[in-house]
Amino acid sequence: MNVSAKTEEFAPKAPAAIPDGVYAETVLAVEHYTDHLFRFRMTRPAGFRFRSGEFAMIGLMVGEKPVYRAYSIASPAWDEELEFFSIKVADGPLTSHLQKIQPGDTVLMRKKPTGTLVLDALTPAKRLYMFSTGTGIAPFASLIRDPETYEKFEEVILTHTCREVAELKYGFDLMEEIRNHEFLAELVGDKLKHYPTVTREAYPFQGRITDLMESGKLYTDLGLPPLDPAVDRGMICGSTAMLKDTKELLERAGLTEGANNKPAEFVIERAFVG
């Protein structure tokens with residue numbers, strides 16, 4: 001082997017080029033909650049606009065190719081940074097790499113956000129329920145920090161169901177951030193109620209949210225009447241089974257599913273269902 005060939009063989013590869021037509025943003029902070037959950041914040045492109053509750057396609061260069069996945073934007077529309085809340089999947093095409101990011105790393109994002117969990121897709125009412133399991137809390141993390149939510153609804157109830165108590169921490173952190181925020185604390189006041197439940201450990205509030213709705217315990221615990229299409233609206237984000245069961249319960253209560261082009265009493269985000 002000649003010297004020039006040997007040099008070429010062992011020369012470090014240049015980093016893969018960023019694809020055209022996407023944003024390349026810088027990771028600012030990463031927080032790991034459990035072996036399965038983490039959140040991160042990154043820079044927000046100057047021209048990027050979205051409605052609270054929407055999702056974006058974010059990704060990384062894996063080898064020579066970009067790999068993308070739909071992620072709800074967890075930060076509200078007014079935030080100068082973008083926040084995401086993610087699971088860790090050991091062999092996931094994206095999350096196996098994404099869980100290793102550190103401040104200073106580059107994350108890709110496609111330019112067009114979309115999604116159904118937006119206030120525009122609901123007709124006016126008094127009370128808004130946000131039903132979430134696991135990382136399905138992410139779009140609601142955006143909406144509960146958006147002043148428009150409290151302009152449109154007198155009461156907002158965020159339910160968050162996880163398997164283990166440790167997985168609830170992100171929701172508690174959100175509530176704490178709101179309580180300590182310079183303008184959100186006063187705006188939100190006592191309009192927001194947080195209802196965390198777990199399914200696999202002992203906890204004051206225990207069980208699948210659909211079981212707690214069906215038995216009426218959810219409403220008893222909150223001191224509220226059962227769902228009423230005249231005053232209640234719903235948003236649902238979670239696992240496939242949870243979406244199906246919660247949708248059935250809302251329809252049984254007389255609520256109708258809406259969309260961006262046809263607002264109604266409840267909406268579902270199906271983008272993350274495998």
# chains A, B, ... in the order shown; residues from 1 in each chain; ligands from 1
call {"tool": "residues_around", "arguments": {"residues": "Arg233 (chain A)", "least_positions_apart": "4", "cutoff": "7 Å", "atoms": "only C-alpha atoms", "output": "PyMOL selection string"}}
result
chain A and resi 125+127-129+265-266
call {"tool": "residues_around", "arguments": {"residues": "Leu168 (chain A)", "least_positions_apart": "6", "cutoff": "9 Å", "atoms": "only C-alpha atoms", "output": "list in words"}}
result
Gly134, His160, Thr161, Cys162, Pro196, Thr197 and Val198 of chain A
call {"tool": "write_last_selection", "arguments": {"atoms": "N, CA, C and O atoms", "output": "compact mmCIF listing (two decimals), in the first residue's frame"}}
result
# COMPACT_ATOMS: atom_id res chain seq x y z
N GLY A 134 -47.93 9.26 29.21
CA GLY A 134 -46.51 9.28 28.85
C GLY A 134 -46.06 10.60 28.25
O GLY A 134 -46.38 11.68 28.76
N HIS A 160 -52.44 13.39 33.46
CA HIS A 160 -51.20 12.76 32.97
C HIS A 160 -51.06 11.40 33.63
O HIS A 160 -50.93 11.31 34.85
N THR A 161 -51.14 10.35 32.83
CA THR A 161 -51.05 8.99 33.36
C THR A 161 -49.77 8.33 32.87
O THR A 161 -49.47 8.35 31.67
N CYS A 162 -49.01 7.77 33.81
CA CYS A 162 -47.78 7.04 33.50
C CYS A 162 -47.77 5.71 34.26
O CYS A 162 -48.60 5.49 35.13
N PRO A 196 -52.39 13.89 38.11
CA PRO A 196 -51.46 12.83 37.72
C PRO A 196 -51.90 11.47 38.27
O PRO A 196 -52.35 11.35 39.41
N THR A 197 -51.80 10.43 37.46
CA THR A 197 -52.12 9.08 37.93
C THR A 197 -51.05 8.09 37.45
O THR A 197 -50.41 8.32 36.42
N VAL A 198 -50.88 7.00 38.21
CA VAL A 198 -49.96 5.94 37.79
C VAL A 198 -50.69 4.60 37.77
O VAL A 198 -51.68 4.40 38.46
call {"tool": "residues_around", "arguments": {"residues": "region 214-230 of chain A", "least_positions_apart": "5", "cutoff": "9 Å", "atoms": "only C-alpha atoms", "output": "PDB file with N, CA, C and O atoms, in the first residue's frame"}}
result
ATOM      1  N   ALA A 125     -66.105  27.137  24.887  1.00  0.00           N
ATOM      2  CA  ALA A 125     -66.764  26.480  26.026  1.00  0.00           C
ATOM      3  C   ALA A 125     -66.113  26.975  27.307  1.00  0.00           C
ATOM      4  O   ALA A 125     -65.226  27.818  27.293  1.00  0.00           O
ATOM      5  N   LYS A 126     -66.547  26.410  28.431  1.00  0.00           N
ATOM      6  CA  LYS A 126     -66.053  26.849  29.736  1.00  0.00           C
ATOM      7  C   LYS A 126     -64.801  26.106  30.175  1.00  0.00           C
ATOM      8  O   LYS A 126     -63.868  26.681  30.717  1.00  0.00           O
ATOM      9  N   ILE A 157     -57.999  21.400  32.796  1.00  0.00           N
ATOM     10  CA  ILE A 157     -57.605  20.230  33.586  1.00  0.00           C
ATOM     11  C   ILE A 157     -56.628  19.395  32.778  1.00  0.00           C
ATOM     12  O   ILE A 157     -56.963  18.906  31.688  1.00  0.00           O
ATOM     13  N   LYS A 193     -55.766  22.865  36.716  1.00  0.00           N
ATOM     14  CA  LYS A 193     -55.707  21.744  37.663  1.00  0.00           C
ATOM     15  C   LYS A 193     -54.876  20.622  37.033  1.00  0.00           C
ATOM     16  O   LYS A 193     -55.026  20.324  35.845  1.00  0.00           O
ATOM     17  N   TYR A 195     -53.860  16.602  37.249  1.00  0.00           N
ATOM     18  CA  TYR A 195     -54.358  15.331  37.782  1.00  0.00           C
ATOM     19  C   TYR A 195     -53.441  14.200  37.314  1.00  0.00           C
ATOM     20  O   TYR A 195     -53.651  13.598  36.254  1.00  0.00           O
ATOM     21  N   PHE A 205     -53.423   8.838  43.410  1.00  0.00           N
ATOM     22  CA  PHE A 205     -54.327   8.715  42.255  1.00  0.00           C
ATOM     23  C   PHE A 205     -53.789   7.583  41.381  1.00  0.00           C
ATOM     24  O   PHE A 205     -52.717   7.701  40.794  1.00  0.00           O
ATOM     25  N   ILE A 209     -56.570   6.450  33.064  1.00  0.00           N
ATOM     26  CA  ILE A 209     -57.463   7.613  33.090  1.00  0.00           C
ATOM     27  C   ILE A 209     -58.861   7.239  32.586  1.00  0.00           C
ATOM     28  O   ILE A 209     -59.872   7.735  33.092  1.00  0.00           O
ATOM     29  N   LEU A 249     -65.306   7.324  25.186  1.00  0.00           N
ATOM     30  CA  LEU A 249     -65.933   7.898  26.383  1.00  0.00           C
ATOM     31  C   LEU A 249     -66.438   9.321  26.116  1.00  0.00           C
ATOM     32  O   LEU A 249     -67.513   9.700  26.570  1.00  0.00           O
ATOM     33  N   LEU A 250     -65.676  10.101  25.368  1.00  0.00           N
ATOM     34  CA  LEU A 250     -66.100  11.469  25.049  1.00  0.00           C
ATOM     35  C   LEU A 250     -67.319  11.460  24.127  1.00  0.00           C
ATOM     36  O   LEU A 250     -68.267  12.233  24.321  1.00  0.00           O
ATOM     37  N   ALA A 253     -70.381  10.634  25.932  1.00  0.00           N
ATOM     38  CA  ALA A 253     -70.868  11.783  26.715  1.00  0.00           C
ATOM     39  C   ALA A 253     -71.497  12.859  25.831  1.00  0.00           C
ATOM     40  O   ALA A 253     -71.976  13.880  26.340  1.00  0.00           O
ATOM     41  N   GLY A 254     -71.473  12.636  24.494  1.00  0.00           N
ATOM     42  CA  GLY A 254     -72.139  13.573  23.586  1.00  0.00           C
ATOM     43  C   GLY A 254     -71.213  14.556  22.898  1.00  0.00           C
ATOM     44  O   GLY A 254     -71.674  15.466  22.196  1.00  0.00           O
ATOM     45  N   LEU A 255     -69.886  14.400  23.056  1.00  0.00           N
ATOM     46  CA  LEU A 255     -68.946  15.298  22.414  1.00  0.00           C
ATOM     47  C   LEU A 255     -68.596  14.772  21.014  1.00  0.00           C
ATOM     48  O   LEU A 255     -68.549  13.566  20.785  1.00  0.00           O
ATOM     49  N   THR A 256     -68.365  15.698  20.087  1.00  0.00           N
ATOM     50  CA  THR A 256     -68.072  15.356  18.695  1.00  0.00           C
ATOM     51  C   THR A 256     -66.633  15.729  18.351  1.00  0.00           C
ATOM     52  O   THR A 256     -66.144  16.784  18.766  1.00  0.00           O
ATOM     53  N   GLU A 265     -66.074  19.583  19.591  1.00  0.00           N
ATOM     54  CA  GLU A 265     -65.930  19.498  21.051  1.00  0.00           C
ATOM     55  C   GLU A 265     -64.645  18.811  21.543  1.00  0.00           C
ATOM     56  O   GLU A 265     -64.251  18.984  22.677  1.00  0.00           O
TER      57      GLU A 265
END
call {"tool": "closest_atom_pairs", "arguments": {"of": "region 53-103 of chain A", "to": "region 20-25 of chain A", "cutoff": "12 Å", "atoms": "only C-alpha atoms", "output": "JSON lines"}}
result
{"residue": "A:Ala56", "atom": "CA", "partner": "A:Tyr23", "partner_atom": "CA", "distance": 11.2}
{"residue": "A:Met57", "atom": "CA", "partner": "A:Val22", "partner_atom": "CA", "distance": 9.8}
{"residue": "A:Ile58", "atom": "CA", "partner": "A:Tyr23", "partner_atom": "CA", "distance": 9.2}
{"residue": "A:Gly59", "atom": "CA", "partner": "A:Ala24", "partner_atom": "CA", "distance": 9.5}
{"residue": "A:Leu60", "atom": "CA", "partner": "A:Ala24", "partner_atom": "CA", "distance": 9.3}
{"residue": "A:Met61", "atom": "CA", "partner": "A:Ala24", "partner_atom": "CA", "distance": 10.4}
{"residue": "A:Pro66", "atom": "CA", "partner": "A:Val22", "partner_atom": "CA", "distance": 10.4}
{"residue": "A:Tyr68", "atom": "CA", "partner": "A:Val22", "partner_atom": "CA", "distance": 11.1}
{"residue": "A:Glu81", "atom": "CA", "partner": "A:Glu25", "partner_atom": "CA", "distance": 10.2}
{"residue": "A:Leu82", "atom": "CA", "partner": "A:Glu25", "partner_atom": "CA", "distance": 9.6}
{"residue": "A:Glu83", "atom": "CA", "partner": "A:Glu25", "partner_atom": "CA", "distance": 11.9}
{"residue": "A:Pro103", "atom": "CA", "partner": "A:Glu25", "partner_atom": "CA", "distance": 10.9}
call {"tool": "closest_residue", "arguments": {"among": "A:Met42, A:Thr26, A:Pro147, A:Phe131", "to": "Pro76 (chain A)", "atoms": "only C-alpha atoms"}}
result
A:Pro147
call {"tool": "atom_distance", "arguments": {"atom1": "CA of Glu64 (chain A)", "atom2": "CA of Gln99 (chain A)"}}
result
19.1 Å
call {"tool": "atom_distance", "arguments": {"atom1": "CA of Arg44 (chain A)", "atom2": "CA of Glu80 (chain A)"}}
result
6.2 Å
call {"tool": "select_by_dssp", "arguments": {"residues": "region 165-259 of chain A", "states": "strand (DSSP E or B)", "output": "PyMOL selection string"}}
result
chain A and resi 192-198+206+232-237+257+259
call {"tool": "write_last_selection", "arguments": {"atoms": "N, CA and C atoms", "output": "CSV table (one decimal), in the first residue's frame"}}
result
chain,number,residue,atom,x,y,z
A,192,LEU,N,-55.8,26.3,36.4
A,192,LEU,CA,-55.2,25.1,35.9
A,192,LEU,C,-55.2,24.1,37.0
A,193,LYS,N,-55.8,22.9,36.7
A,193,LYS,CA,-55.7,21.7,37.7
A,193,LYS,C,-54.9,20.6,37.0
A,194,HIS,N,-54.0,20.0,37.9
A,194,HIS,CA,-53.1,18.9,37.4
A,194,HIS,C,-53.6,17.6,38.1
A,195,TYR,N,-53.9,16.6,37.2
A,195,TYR,CA,-54.4,15.3,37.8
A,195,TYR,C,-53.4,14.2,37.3
A,196,PRO,N,-52.4,13.9,38.1
A,196,PRO,CA,-51.5,12.8,37.7
A,196,PRO,C,-51.9,11.5,38.3
A,197,THR,N,-51.8,10.4,37.5
A,197,THR,CA,-52.1,9.1,37.9
A,197,THR,C,-51.1,8.1,37.5
A,198,VAL,N,-50.9,7.0,38.2
A,198,VAL,CA,-50.0,5.9,37.8
A,198,VAL,C,-50.7,4.6,37.8
A,206,GLN,N,-54.6,6.5,41.3
A,206,GLN,CA,-54.1,5.3,40.7
A,206,GLN,C,-55.0,4.8,39.6
A,232,ASP,N,-67.9,21.4,28.3
A,232,ASP,CA,-66.6,20.8,28.3
A,232,ASP,C,-66.0,20.5,26.9
A,233,ARG,N,-64.7,20.7,26.8
A,233,ARG,CA,-64.0,20.4,25.6
A,233,ARG,C,-62.8,19.4,25.9
A,234,GLY,N,-62.4,18.7,25.0
A,234,GLY,CA,-61.3,17.7,25.3
A,234,GLY,C,-60.2,17.7,24.2
A,235,MET,N,-59.0,17.4,24.7
A,235,MET,CA,-57.9,17.1,23.8
A,235,MET,C,-57.2,15.8,24.2
A,236,ILE,N,-56.8,14.9,23.3
A,236,ILE,CA,-56.3,13.6,23.7
A,236,ILE,C,-55.0,13.4,23.0
A,237,CYS,N,-54.0,12.9,23.8
A,237,CYS,CA,-52.7,12.5,23.2
A,237,CYS,C,-52.1,11.4,24.0
A,257,GLU,N,-66.0,14.9,17.6
A,257,GLU,CA,-64.6,15.1,17.2
A,257,GLU,C,-64.5,16.3,16.2
A,259,ALA,N,-61.7,19.2,14.0
A,259,ALA,CA,-60.5,19.3,13.2
A,259,ALA,C,-60.2,20.8,12.9
call {"tool": "atom_distance", "arguments": {"atom1": "CA of Phe140 (chain A)", "atom2": "CA of Gly53 (chain A)"}}
result
6.4 Å
call {"tool": "residues_around", "arguments": {"residues": "His36 (chain A)", "least_positions_apart": "5", "cutoff": "9 Å", "atoms": "only C-alpha atoms", "output": "list in words"}}
result
Ser86, Ile87, Lys88, Val89 and Glu167 of chain A
call {"tool": "residues_around", "arguments": {"residues": "region 238-246 of chain A", "least_positions_apart": "6", "cutoff": "6 Å", "atoms": "only C-alpha atoms", "output": "MDAnalysis selection string"}}
result
chainID A and resid 132:133 136 210 273
call {"tool": "select_by_dssp", "arguments": {"residues": "region 62-114 of chain A", "states": "alpha helix (DSSP H)", "output": "PyMOL selection string"}}
result
chain A and resi 95-98
call {"tool": "closest_residue", "arguments": {"among": "A:Ile268, A:Leu187, A:Val156, A:Val231", "to": "Pro124 (chain A)", "atoms": "only C-alpha atoms"}}
result
A:Val231
call {"tool": "closest_residue", "arguments": {"among": "A:Tyr150, A:Phe84, A:Val62, A:Arg69", "to": "Glu186 (chain A)", "atoms": "only C-alpha atoms"}}
result
A:Tyr150
